[in-house]
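Enquirer: What follows is data_4.cif, mmCIF, C-alpha atoms.
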data_entry
#
loop_
_atom_site.label_atom_id
_atom_site.label_comp_id
_atom_site.auth_asym_id
_atom_site.auth_seq_id
_atom_site.Cartn_x
_atom_site.Cartn_y
_atom_site.Cartn_z
CA MET A 1 -31.87 -10.32 12.26
CA TYR A 2 -28.25 -9.31 12.08
CA GLY A 3 -29.24 -5.66 11.73
CA MET A 4 -28.33 -4.52 15.20
CA SER A 5 -25.08 -6.38 15.46
CA LEU A 6 -24.13 -5.22 11.98
CA LEU A 7 -24.60 -1.60 13.00
CA ARG A 8 -22.73 -2.17 16.23
CA ASN A 9 -19.82 -3.81 14.47
CA ILE A 10 -19.64 -1.08 11.83
CA GLY A 11 -19.50 1.40 14.71
CA ILE A 12 -16.75 -0.53 16.48
CA HIS A 13 -14.80 -0.91 13.27
CA LEU A 14 -15.05 2.79 12.49
CA MET A 15 -14.10 3.69 16.04
CA TYR A 16 -10.92 1.59 15.87
CA VAL A 17 -10.00 3.12 12.53
CA LEU A 18 -10.64 6.72 13.54
CA VAL A 19 -8.88 6.50 16.89
CA SER A 20 -5.81 4.71 15.59
CA VAL A 21 -5.48 6.82 12.46
CA THR A 22 -5.72 9.96 14.60
CA PHE A 23 -2.95 8.75 16.89
CA GLY A 24 -0.95 7.54 13.92
CA PHE A 25 -1.37 10.88 12.18
CA ILE A 26 -0.23 12.90 15.19
CA LEU A 27 2.75 10.61 15.75
CA GLY A 28 3.70 10.34 12.10
CA LEU A 29 3.41 14.05 11.45
CA THR A 30 5.47 14.98 14.50
CA LEU A 31 8.18 12.43 13.86
CA GLY A 32 8.21 13.23 10.15
CA ILE A 33 8.75 16.92 10.86
CA LEU A 34 11.46 16.15 13.41
CA LEU A 35 13.25 13.84 10.99
CA SER A 36 13.08 16.40 8.22
CA ARG A 37 14.97 18.81 10.53
CA ALA A 38 17.73 16.27 11.03
CA PRO A 39 18.49 14.70 7.66
CA LYS A 40 21.65 13.14 9.06
CA TYR A 41 19.78 10.87 11.45
CA SER A 42 16.93 10.22 9.10
CA LYS A 43 19.27 8.45 6.69
CA ILE A 44 19.69 5.83 9.39
CA ILE A 45 16.23 5.92 10.90
CA LEU A 46 14.12 5.79 7.74
CA PRO A 47 15.50 2.48 6.43
CA ILE A 48 14.99 0.96 9.88
CA LEU A 49 11.41 2.15 9.87
CA SER A 50 10.76 0.73 6.45
CA VAL A 51 12.06 -2.61 7.66
CA PHE A 52 9.52 -2.48 10.46
CA ASN A 53 6.93 -1.57 7.90
CA THR A 54 7.29 -5.01 6.36
CA ILE A 55 5.94 -6.60 9.52
CA PRO A 56 2.34 -7.48 8.83
CA GLY A 57 -0.24 -5.81 11.09
CA ILE A 58 -1.34 -9.15 12.43
CA VAL A 59 1.99 -9.59 14.17
CA PHE A 60 1.66 -6.29 16.00
CA ILE A 61 -1.79 -7.27 17.12
CA GLY A 62 -0.72 -10.79 17.99
CA ILE A 63 2.32 -9.83 20.07
CA LEU A 64 0.58 -6.99 21.89
CA PHE A 65 -2.26 -9.40 22.54
CA LEU A 66 0.11 -11.70 24.37
CA TYR A 67 1.31 -8.87 26.60
CA LEU A 68 -1.76 -6.70 27.04
CA GLY A 69 -4.48 -9.28 26.68
CA MET A 70 -7.87 -9.01 25.07
CA VAL A 71 -8.49 -5.30 25.46
CA PRO A 72 -9.32 -2.70 22.81
CA MET A 73 -6.05 -0.96 23.70
CA THR A 74 -4.20 -3.84 22.02
CA VAL A 75 -5.83 -3.15 18.69
CA ILE A 76 -5.54 0.60 19.00
CA ILE A 77 -1.84 0.60 19.85
CA ALA A 78 -1.01 -1.89 17.13
CA LEU A 79 -2.96 -0.07 14.47
CA SER A 80 -1.67 3.36 15.53
CA ILE A 81 1.88 2.17 15.07
CA TYR A 82 0.98 0.70 11.74
CA ALA A 83 -0.87 3.83 10.61
CA MET A 84 2.10 5.96 11.59
CA PHE A 85 4.54 4.55 8.99
CA PRO A 86 3.06 5.84 5.73
CA ILE A 87 2.26 9.23 7.27
CA LEU A 88 5.76 9.59 8.68
CA LYS A 89 7.36 8.60 5.39
CA ASN A 90 5.21 10.93 3.34
CA THR A 91 5.63 13.84 5.74
CA TYR A 92 9.38 13.46 5.50
CA VAL A 93 9.40 13.05 1.74
CA GLY A 94 6.88 15.88 1.30
CA ILE A 95 8.90 18.34 3.33
CA THR A 96 12.29 17.42 1.91
CA ASN A 97 10.88 17.65 -1.61
CA VAL A 98 9.86 21.27 -1.15
CA GLU A 99 12.02 23.23 -3.51
CA GLN A 100 14.86 24.91 -1.74
CA ARG A 101 14.30 28.21 -3.50
CA TYR A 102 10.91 28.61 -1.83
CA VAL A 103 12.49 28.10 1.55
CA GLU A 104 15.18 30.58 0.68
CA ALA A 105 12.66 33.08 -0.60
CA ALA A 106 10.76 32.73 2.65
CA ARG A 107 13.92 33.25 4.61
CA GLY A 108 14.67 36.30 2.50
CA CYS A 109 11.25 37.65 3.42
CA GLY A 110 12.40 37.48 7.02
CA MET A 111 10.44 34.44 8.13
CA SER A 112 11.64 32.57 11.17
CA ASN A 113 12.32 28.85 10.97
CA ARG A 114 9.00 28.10 12.59
CA GLN A 115 7.15 30.36 10.17
CA ILE A 116 8.88 28.70 7.24
CA LEU A 117 7.78 25.31 8.51
CA PHE A 118 4.15 26.22 9.10
CA ARG A 119 3.63 28.75 6.33
CA VAL A 120 5.72 27.31 3.52
CA GLU A 121 6.96 23.78 3.96
CA LEU A 122 3.95 22.12 5.54
CA PRO A 123 1.37 23.64 3.16
CA LEU A 124 3.46 22.61 0.16
CA ALA A 125 3.95 19.13 1.58
CA MET A 126 0.30 18.76 2.55
CA PRO A 127 -0.88 16.89 -0.57
CA THR A 128 1.85 14.28 -0.03
CA ILE A 129 1.08 14.06 3.69
CA ILE A 130 -2.61 13.53 2.98
CA GLY A 131 -1.61 10.86 0.47
CA GLY A 132 0.09 9.10 3.35
CA LEU A 133 -3.01 9.58 5.48
CA ARG A 134 -5.07 7.92 2.77
CA MET A 135 -2.79 4.92 2.66
CA ALA A 136 -2.76 4.69 6.44
CA THR A 137 -6.55 4.84 6.65
CA ILE A 138 -7.10 2.19 4.02
CA TYR A 139 -4.54 -0.13 5.61
CA THR A 140 -6.14 0.41 8.98
CA VAL A 141 -9.61 -0.47 7.75
CA SER A 142 -8.06 -3.60 6.35
CA TRP A 143 -6.10 -4.59 9.45
CA THR A 144 -8.97 -3.78 11.81
CA VAL A 145 -10.65 -6.87 10.40
CA LEU A 146 -8.09 -8.73 12.52
CA ALA A 147 -9.50 -7.31 15.75
CA ALA A 148 -12.09 -10.03 15.52
CA MET A 149 -9.37 -12.65 15.53
CA ILE A 150 -8.65 -11.83 19.16
CA GLY A 151 -12.34 -11.47 19.94
CA LEU A 152 -12.64 -7.71 19.86
CA GLY A 153 -15.46 -7.25 17.40
CA GLY A 154 -15.58 -5.13 14.29
CA LEU A 155 -16.62 -6.29 10.87
CA GLY A 156 -14.08 -9.08 10.96
CA GLU A 157 -16.35 -10.88 13.40
CA PHE A 158 -18.76 -11.79 10.62
CA ILE A 159 -15.98 -12.68 8.21
CA TYR A 160 -14.21 -15.00 10.65
CA GLN A 161 -17.42 -16.62 11.85
CA GLY A 162 -18.61 -17.00 8.29
CA ILE A 163 -15.37 -18.69 7.28
CA ASN A 164 -15.39 -20.95 10.33
CA ILE A 165 -18.97 -22.17 10.05
CA ASN A 166 -18.96 -21.97 6.27
CA ARG A 167 -21.74 -19.44 5.90
CA ASN A 168 -21.39 -17.33 2.79
CA ASP A 169 -23.99 -14.77 3.81
CA MET A 170 -22.06 -14.02 6.97
CA ILE A 171 -18.81 -13.54 5.07
CA LEU A 172 -20.55 -11.08 2.78
CA LEU A 173 -22.18 -9.35 5.75
CA GLY A 174 -18.72 -8.48 7.01
CA ALA A 175 -16.84 -8.16 3.74
CA ILE A 176 -19.16 -5.80 1.88
CA PRO A 177 -19.49 -3.15 4.62
CA ALA A 178 -15.74 -3.34 5.22
CA ALA A 179 -15.09 -2.80 1.52
CA VAL A 180 -17.61 0.06 1.34
CA LEU A 181 -16.12 1.63 4.45
CA ALA A 182 -12.61 1.58 2.97
CA ILE A 183 -13.76 3.00 -0.35
CA LEU A 184 -15.84 5.73 1.30
CA LEU A 185 -13.00 6.81 3.58
CA GLY A 186 -10.68 6.80 0.56
CA VAL A 187 -13.04 9.08 -1.36
CA LEU A 188 -13.42 11.40 1.62
CA ILE A 189 -9.67 11.74 1.95
CA ASP A 190 -9.34 12.37 -1.78
CA LEU A 191 -11.72 15.29 -1.34
CA LEU A 192 -9.70 16.50 1.62
CA GLN A 193 -6.54 16.21 -0.42
CA ARG A 194 -7.96 18.41 -3.15
CA LYS A 195 -8.92 20.93 -0.54
CA VAL A 196 -5.56 21.18 1.16
CA THR A 197 -3.59 21.42 -2.08
CA PRO A 198 -2.36 25.02 -2.27
CA ARG A 199 -4.01 26.85 -5.14
CA GLY A 200 -0.73 27.54 -6.87
CA ILE A 201 0.21 23.91 -7.39
CA ARG A 202 -3.26 22.52 -7.98
CA LYS A 203 -2.95 22.15 -11.73
CA GLU A 204 0.24 20.17 -11.66
CA GLU A 205 -1.12 17.18 -9.85
CA LYS A 206 -1.34 14.45 -12.42
CA SER A 207 -1.15 11.13 -10.73
CA ARG A 208 -0.80 11.60 -7.03
CA MET B 1 9.46 -27.65 9.13
CA SER B 2 8.98 -23.99 8.49
CA PHE B 3 10.96 -24.10 5.30
CA ASP B 4 8.02 -25.74 3.57
CA LEU B 5 5.90 -22.82 4.70
CA VAL B 6 8.42 -20.36 3.30
CA LEU B 7 8.38 -22.20 0.00
CA GLU B 8 4.60 -22.35 -0.01
CA HIS B 9 4.45 -18.64 0.70
CA LEU B 10 6.96 -17.88 -2.02
CA MET B 11 5.13 -19.95 -4.59
CA MET B 12 1.90 -18.10 -3.90
CA VAL B 13 3.67 -14.74 -4.16
CA ILE B 14 5.31 -15.63 -7.46
CA ALA B 15 2.13 -17.11 -8.91
CA SER B 16 0.00 -14.11 -8.05
CA VAL B 17 2.55 -11.54 -9.18
CA LEU B 18 2.97 -13.38 -12.49
CA CYS B 19 -0.81 -13.47 -12.96
CA SER B 20 -0.92 -9.81 -12.06
CA ILE B 21 1.65 -8.99 -14.72
CA VAL B 22 -0.24 -11.02 -17.31
CA VAL B 23 -3.47 -9.17 -16.52
CA GLY B 24 -1.99 -5.79 -15.64
CA LEU B 25 0.33 -5.26 -18.57
CA PRO B 26 -2.41 -5.25 -21.24
CA LEU B 27 -4.54 -3.06 -18.99
CA GLY B 28 -1.69 -0.60 -18.61
CA ILE B 29 -1.09 -0.56 -22.35
CA ALA B 30 -4.82 -0.11 -22.95
CA SER B 31 -4.96 2.87 -20.62
CA TYR B 32 -2.04 4.37 -22.52
CA TYR B 33 -3.73 4.00 -25.90
CA PHE B 34 -7.31 4.75 -24.89
CA PRO B 35 -7.58 7.80 -22.65
CA ARG B 36 -11.26 7.10 -22.22
CA ALA B 37 -10.72 3.67 -20.75
CA ARG B 38 -7.87 4.95 -18.59
CA LYS B 39 -10.03 6.49 -15.91
CA SER B 40 -12.17 3.43 -15.37
CA ILE B 41 -9.23 1.01 -15.50
CA LEU B 42 -7.25 3.00 -12.94
CA PHE B 43 -10.35 3.53 -10.82
CA ILE B 44 -11.21 -0.15 -10.72
CA SER B 45 -7.68 -1.21 -9.85
CA ASP B 46 -7.63 1.47 -7.16
CA VAL B 47 -10.88 0.16 -5.69
CA LEU B 48 -9.55 -3.40 -5.77
CA GLN B 49 -6.59 -2.35 -3.70
CA THR B 50 -8.77 -0.36 -1.32
CA VAL B 51 -10.98 -3.29 -0.38
CA PRO B 52 -9.66 -4.92 2.81
CA SER B 53 -7.68 -7.96 1.76
CA LEU B 54 -9.46 -10.38 4.05
CA ALA B 55 -12.83 -9.13 2.79
CA LEU B 56 -11.69 -9.59 -0.80
CA LEU B 57 -10.41 -13.09 -0.06
CA GLY B 58 -13.64 -13.93 1.76
CA ILE B 59 -15.77 -12.85 -1.17
CA ILE B 60 -13.63 -14.80 -3.66
CA MET B 61 -13.70 -17.82 -1.39
CA ILE B 62 -17.47 -17.96 -1.76
CA PHE B 63 -17.07 -18.56 -5.48
CA VAL B 64 -13.86 -20.54 -5.65
CA GLY B 65 -13.80 -22.33 -2.31
CA ALA B 66 -11.08 -22.38 0.31
CA GLY B 67 -7.57 -22.99 -0.91
CA LYS B 68 -4.70 -21.60 -2.90
CA ALA B 69 -6.77 -20.63 -5.93
CA THR B 70 -8.67 -18.12 -3.81
CA VAL B 71 -5.45 -16.62 -2.51
CA ILE B 72 -3.85 -16.34 -5.92
CA ILE B 73 -6.91 -14.74 -7.52
CA GLY B 74 -7.28 -12.35 -4.59
CA ILE B 75 -3.66 -11.24 -4.51
CA THR B 76 -3.59 -10.97 -8.30
CA LEU B 77 -6.43 -8.46 -8.13
CA TYR B 78 -4.82 -6.78 -5.18
CA SER B 79 -1.48 -6.30 -6.95
CA LEU B 80 -2.95 -4.92 -10.15
CA LEU B 81 -2.78 -1.24 -9.25
CA PRO B 82 1.00 -0.71 -9.07
CA ILE B 83 1.56 -2.73 -12.22
CA VAL B 84 -1.17 -1.08 -14.28
CA ARG B 85 -0.31 2.38 -13.05
CA ASN B 86 3.41 2.07 -13.64
CA THR B 87 2.97 0.51 -17.07
CA TYR B 88 0.83 3.46 -18.03
CA LEU B 89 3.19 5.97 -16.40
CA GLY B 90 6.24 4.42 -17.99
CA LEU B 91 4.72 4.44 -21.45
CA SER B 92 3.46 7.99 -21.21
CA GLU B 93 6.80 9.25 -19.97
CA VAL B 94 8.74 7.98 -22.95
CA ASP B 95 10.39 10.98 -24.60
CA PRO B 96 8.03 12.29 -27.31
CA GLY B 97 11.04 12.95 -29.49
CA VAL B 98 11.92 9.27 -29.47
CA LYS B 99 8.34 8.35 -30.37
CA GLU B 100 8.40 10.83 -33.25
CA ALA B 101 11.68 9.46 -34.48
CA ALA B 102 10.31 5.92 -34.44
CA ARG B 103 7.28 7.04 -36.37
CA GLY B 104 9.45 8.93 -38.78
CA MET B 105 11.38 5.75 -39.48
CA GLY B 106 8.12 4.25 -40.66
CA MET B 107 7.52 1.91 -37.74
CA SER B 108 3.98 0.66 -37.33
CA ARG B 109 2.12 1.22 -34.08
CA MET B 110 2.70 -2.32 -32.83
CA TYR B 111 6.31 -2.26 -33.86
CA ARG B 112 6.81 1.02 -32.02
CA LEU B 113 5.12 -0.37 -28.93
CA PHE B 114 7.24 -3.49 -28.73
CA ARG B 115 10.53 -2.18 -30.05
CA VAL B 116 10.62 1.34 -28.64
CA GLU B 117 8.02 2.25 -26.07
CA LEU B 118 7.83 -0.88 -23.94
CA PRO B 119 11.61 -1.30 -23.66
CA LEU B 120 12.01 2.34 -22.66
CA ALA B 121 9.16 2.10 -20.18
CA PHE B 122 10.49 -1.08 -18.66
CA PRO B 123 12.39 0.43 -15.69
CA VAL B 124 9.25 2.20 -14.47
CA MET B 125 7.18 -0.93 -15.04
CA PHE B 126 9.71 -2.90 -13.06
CA THR B 127 9.26 -0.53 -10.11
CA GLY B 128 5.57 -1.39 -10.20
CA ILE B 129 6.37 -5.08 -10.19
CA ARG B 130 8.70 -4.61 -7.23
CA ILE B 131 6.06 -2.75 -5.23
CA ALA B 132 3.47 -5.39 -6.11
CA THR B 133 5.80 -8.21 -5.05
CA VAL B 134 6.73 -6.69 -1.70
CA ASN B 135 3.07 -5.91 -0.97
CA ALA B 136 2.04 -9.41 -1.94
CA ILE B 137 4.54 -10.97 0.46
CA GLY B 138 2.87 -9.15 3.33
CA THR B 139 -0.70 -9.60 2.19
CA ILE B 140 -0.44 -13.33 1.62
CA VAL B 141 -0.33 -13.68 5.40
CA PHE B 142 -4.10 -13.59 5.11
CA ALA B 143 -3.99 -16.76 3.05
CA ALA B 144 -3.94 -18.74 6.26
CA SER B 145 -7.49 -17.74 7.12
CA VAL B 146 -8.89 -18.94 3.80
CA GLY B 147 -7.06 -22.23 3.83
CA GLY B 148 -4.09 -21.24 1.67
CA GLY B 149 -1.31 -21.95 4.16
CA GLY B 150 1.97 -20.08 3.90
CA LEU B 151 3.79 -18.18 6.61
CA GLY B 152 0.54 -16.72 7.89
CA SER B 153 -0.47 -20.10 9.26
CA ILE B 154 2.45 -20.32 11.70
CA ILE B 155 1.77 -16.77 12.89
CA TYR B 156 -1.93 -17.49 13.37
CA LYS B 157 -1.12 -20.70 15.16
CA GLY B 158 1.36 -18.90 17.38
CA ILE B 159 -1.21 -16.31 18.35
CA ARG B 160 -3.84 -18.92 19.05
CA VAL B 161 -1.68 -21.01 21.36
CA MET B 162 0.26 -17.98 22.65
CA ASN B 163 3.61 -19.17 21.42
CA VAL B 164 5.88 -16.16 20.85
CA LYS B 165 8.55 -18.31 19.23
CA TRP B 166 6.27 -19.33 16.37
CA ILE B 167 5.09 -15.78 15.86
CA ALA B 168 8.66 -14.51 15.81
CA LEU B 169 9.78 -17.26 13.44
CA GLY B 170 6.97 -16.55 11.01
CA THR B 171 7.48 -12.80 11.20
CA LEU B 172 11.23 -12.93 10.78
CA SER B 173 11.05 -15.16 7.72
CA LEU B 174 8.41 -12.85 6.31
CA MET B 175 10.50 -9.75 6.92
CA LEU B 176 13.59 -11.39 5.49
CA MET B 177 11.70 -12.39 2.39
CA ALA B 178 10.26 -8.90 1.91
CA ILE B 179 13.60 -7.18 2.45
CA LEU B 180 15.44 -9.60 0.21
CA PHE B 181 13.04 -9.07 -2.66
CA ASP B 182 13.00 -5.33 -2.11
CA VAL B 183 16.77 -5.04 -2.10
CA VAL B 184 17.49 -7.43 -4.97
CA MET B 185 14.78 -5.99 -7.18
CA GLY B 186 15.93 -2.49 -6.18
CA ILE B 187 19.42 -3.28 -7.42
CA ILE B 188 18.04 -4.61 -10.71
CA GLU B 189 15.95 -1.47 -10.96
CA LYS B 190 18.99 0.75 -10.54
CA ARG B 191 20.86 -1.20 -13.20
CA LEU B 192 17.95 -0.88 -15.57
CA ASN B 193 17.77 2.83 -14.99
CA GLN B 194 21.45 3.29 -15.69
CA LYS B 195 21.18 1.20 -18.79
CA PHE B 196 18.23 3.02 -20.25
CA SER B 197 18.68 6.31 -18.41
CA GLY B 198 15.11 6.75 -19.51
CA PRO B 199 12.27 8.33 -17.58
CA SER B 200 12.92 8.96 -13.94
CA VAL B 201 11.58 6.41 -11.53
CA ARG B 202 9.04 7.69 -9.09
CA GLU B 203 7.57 6.04 -6.10
CA VAL B 204 7.15 8.83 -3.61
CA ALA B 205 3.59 8.50 -2.40
CA GLU B 206 2.86 5.27 -4.15
#
Will you turn the file into structure tokens for me?
Expert:
Amino acid sequence: MYGMSLLRNIGIHLMYVLVSVTFGFILGLTLGILLSRAPKYSKIILPILSVFNTIPGIVFIGILFLYLGMVPMTVIIALSIYAMFPILKNTYVGITNVEQRYVEAARGCGMSNRQILFRVELPLAMPTIIGGLRMATIYTVSWTVLAAMIGLGGLGEFIYQGININRNDMILLGAIPAAVLAILLGVLIDLLQRKVTPRGIRKEEKSR
Amino acid sequence: MSFDLVLEHLMMVIASVLCSIVVGLPLGIASYYFPRARKSILFISDVLQTVPSLALLGIIMIFVGAGKATVIIGITLYSLLPIVRNTYLGLSEVDPGVKEAARGMGMSRMYRLFRVELPLAFPVMFTGIRIATVNAIGTIVFAASVGGGGLGSIIYKGIRVMNVKWIALGTLSLMLMAILFDVVMGIIEKRLNQKFSGPSVREVAE
């Protein structure tokens, strides 16, 4: 009897995750690239960002909720910001960890700065960036559960209701699909990560 | 008033990280000694961390009931991955030459583990413990929804009655706690690394 609403809530949950991770990815990637071009500023900006990263997602949602009200935008903005952090950090780390000799070799081949970025640095950093994407996605699935706290649906709806009225089957109805969703997305991104790893460095990868 | 909450939060963090160390250390050592078990141990701890925290807490609550026990079990499982992984990493990165030397001196396997390998792996293991602790501080916010209290409860309450001051108070104490632990444990980590100058510490993509 919960069939329809289960499907609907899985859909809503997935929608929140996909939309906010997409925004977070675009933002994080762009800012990460920009920061990697300006290492001077990033020494100041990165620690500030990691301080913000310690704010739990619920606070973002809660505070935006007070200002924007009970609209899906609240959840999407909050989760996009949250999803941005790991992607930004990993983009920056990935690019700055590219060995300097490759960059120099590329420059010696006559590549322009832009070519070096898109043809050398980004491809080499891609496995790390996708690692950040994985973290962001899994966090987002987790924090999207909170959308239900401000009455915006998703799988958290069952979990919260189940906890409130003390119904174990309802908790499981929300918890199990949420868990499966997170694991599935994690596996998908692992596959993606293998795919984007440049052939030359594929063998080295030991433990992410 | 909110100091009690801070203390409550802190106690839950410490309890679950301690439990996590007690469970995770043997698992990390096991995955070092038994390559066959390694894959499944790392996979399971990875899955445990992937499961949304509130879902995990909800499922545990069904068996244990609402309260602190649920939170501590949940966060213990949740914090396993960094501890298990770094114990394994630390042990496998011990210089093979040192291991050979220990064996050459006639040390038994256990003796080598406790006298040579574990001490040398300790800085890397400590990084895992730091990551687990900082994560746990944030995740225990969820405790409030399964009746565990802590700083999450003041944030939840603030959201429910639309009181920004409570939200800010809860968040700031949370951030302070996370930063404090991160910085202090980071300093200890650096000291350890200088002392042992052993395997390099890595935490790039966690």
Enquirer: Taking only C-alpha atoms into account, find every residue of chain B that has an atom no more than 8 Å from chain A, and write it out as an MDAnalysis selection string.
Expert: chainID B and resid 47 50:56 58:59 62 138:139 141 145:146 155 159 162 164 167 171 174:175 178:179 204:206
Enquirer: For the structure provided, state which residues fall under the PyMOL selection byres ((chain B and resi 87) around 12), and present them as a ChimeraX atom specification.
Expert: /B:21-33,38,42,80-86,88-94,117-129,201
Enquirer: Nearest to Tyr16 in chain A among A:Ser112, A:Gln193, A:Ser80, A:Thr96, with distances taken over all atoms listed in the file: which residue is it?
Expert: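 Checking each of A:Ser112, A:Gln193, A:Ser80, A:Thr96 against Tyr16 in chain A, counting all atoms listed in the file, the winner is A:Ser80.
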Enquirer: I need the residue nearest Thr22 in chain A from this list: A:Ala148, A:Leu133, A:Val71, A:Leu7. Use only C-alpha atoms for the distance.
Expert: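 Distance minimum relative to Thr22 in chain A lands on A:Leu133.
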Enquirer: Rank A:Met84, A:Ala78, A:Ile10, A:Leu124 by their smallest atom-to-atom distance to Val103 in chain A, using only C-alpha atoms, and report the top residue only.
Expert: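 Result for the nearest residue to Val103 in chain A: A:Leu124.
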Enquirer: Which residues, named as in the file, does the PyMOL selection byres ((chain B and resi 150-154) around 7) pick out? Answer as a ChimeraX atom specification.
Expert: /B:5-6,8-9,141-144,148-149,155-158,166-167,170
Enquirer: To one decimal place in Å, what is the distance between CA of Arg112 in chain B and CA of Gly97 in chain B?
Expert: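 Taking CA of Arg112 in chain B as the start and CA of Gly97 in chain B as the end point, the length is 12.9 Å.
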Enquirer: Which residues fall under the PyMOL selection byres ((chain A and resi 27-43) around 6) in this file, as a list in words?
Expert: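 Evaluating the PyMOL selection byres ((chain A and resi 27-43) around 6) on this file yields Gly24, Phe25, Ile26, Ile44, Ile45, Leu46, Met84, Ile87, Leu88, Thr91 and Tyr92 of chain A.
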Enquirer: Just want the 12 Å neighbourhood of Val64 in chain B, counted on only C-alpha atoms, with same-chain residues fewer than 6 positions away dropped. Output as JSON, numbers by chain.
Expert: {"A": [168], "B": [57, 58, 70, 71, 72, 73, 74, 146, 147]}
Enquirer: Expressed in Å to a single decimal, how great is the separation between CA of Pro123 in chain A and CA of Val187 in chain A?
Expert: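 Separation between CA of Pro123 in chain A and CA of Val187 in chain A: 21.0 Å.
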Enquirer: For CA of Ser20 in chain B and CA of Leu77 in chain B, determine how far apart the two atoms are, in Å to one decimal place.
Expert: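 Interatomic distance, CA of Ser20 in chain B to CA of Leu77 in chain B: 6.9 Å.
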Enquirer: So, with only C-alpha atoms as the atoms that count, which of B:Arg109, B:Arg130, B:Lys68, B:Arg36 lies closest to Leu180 in chain B?
Expert: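 Of B:Arg109, B:Arg130, B:Lys68, B:Arg36, the one nearest Leu180 in chain B, counting only C-alpha atoms, is B:Arg130.
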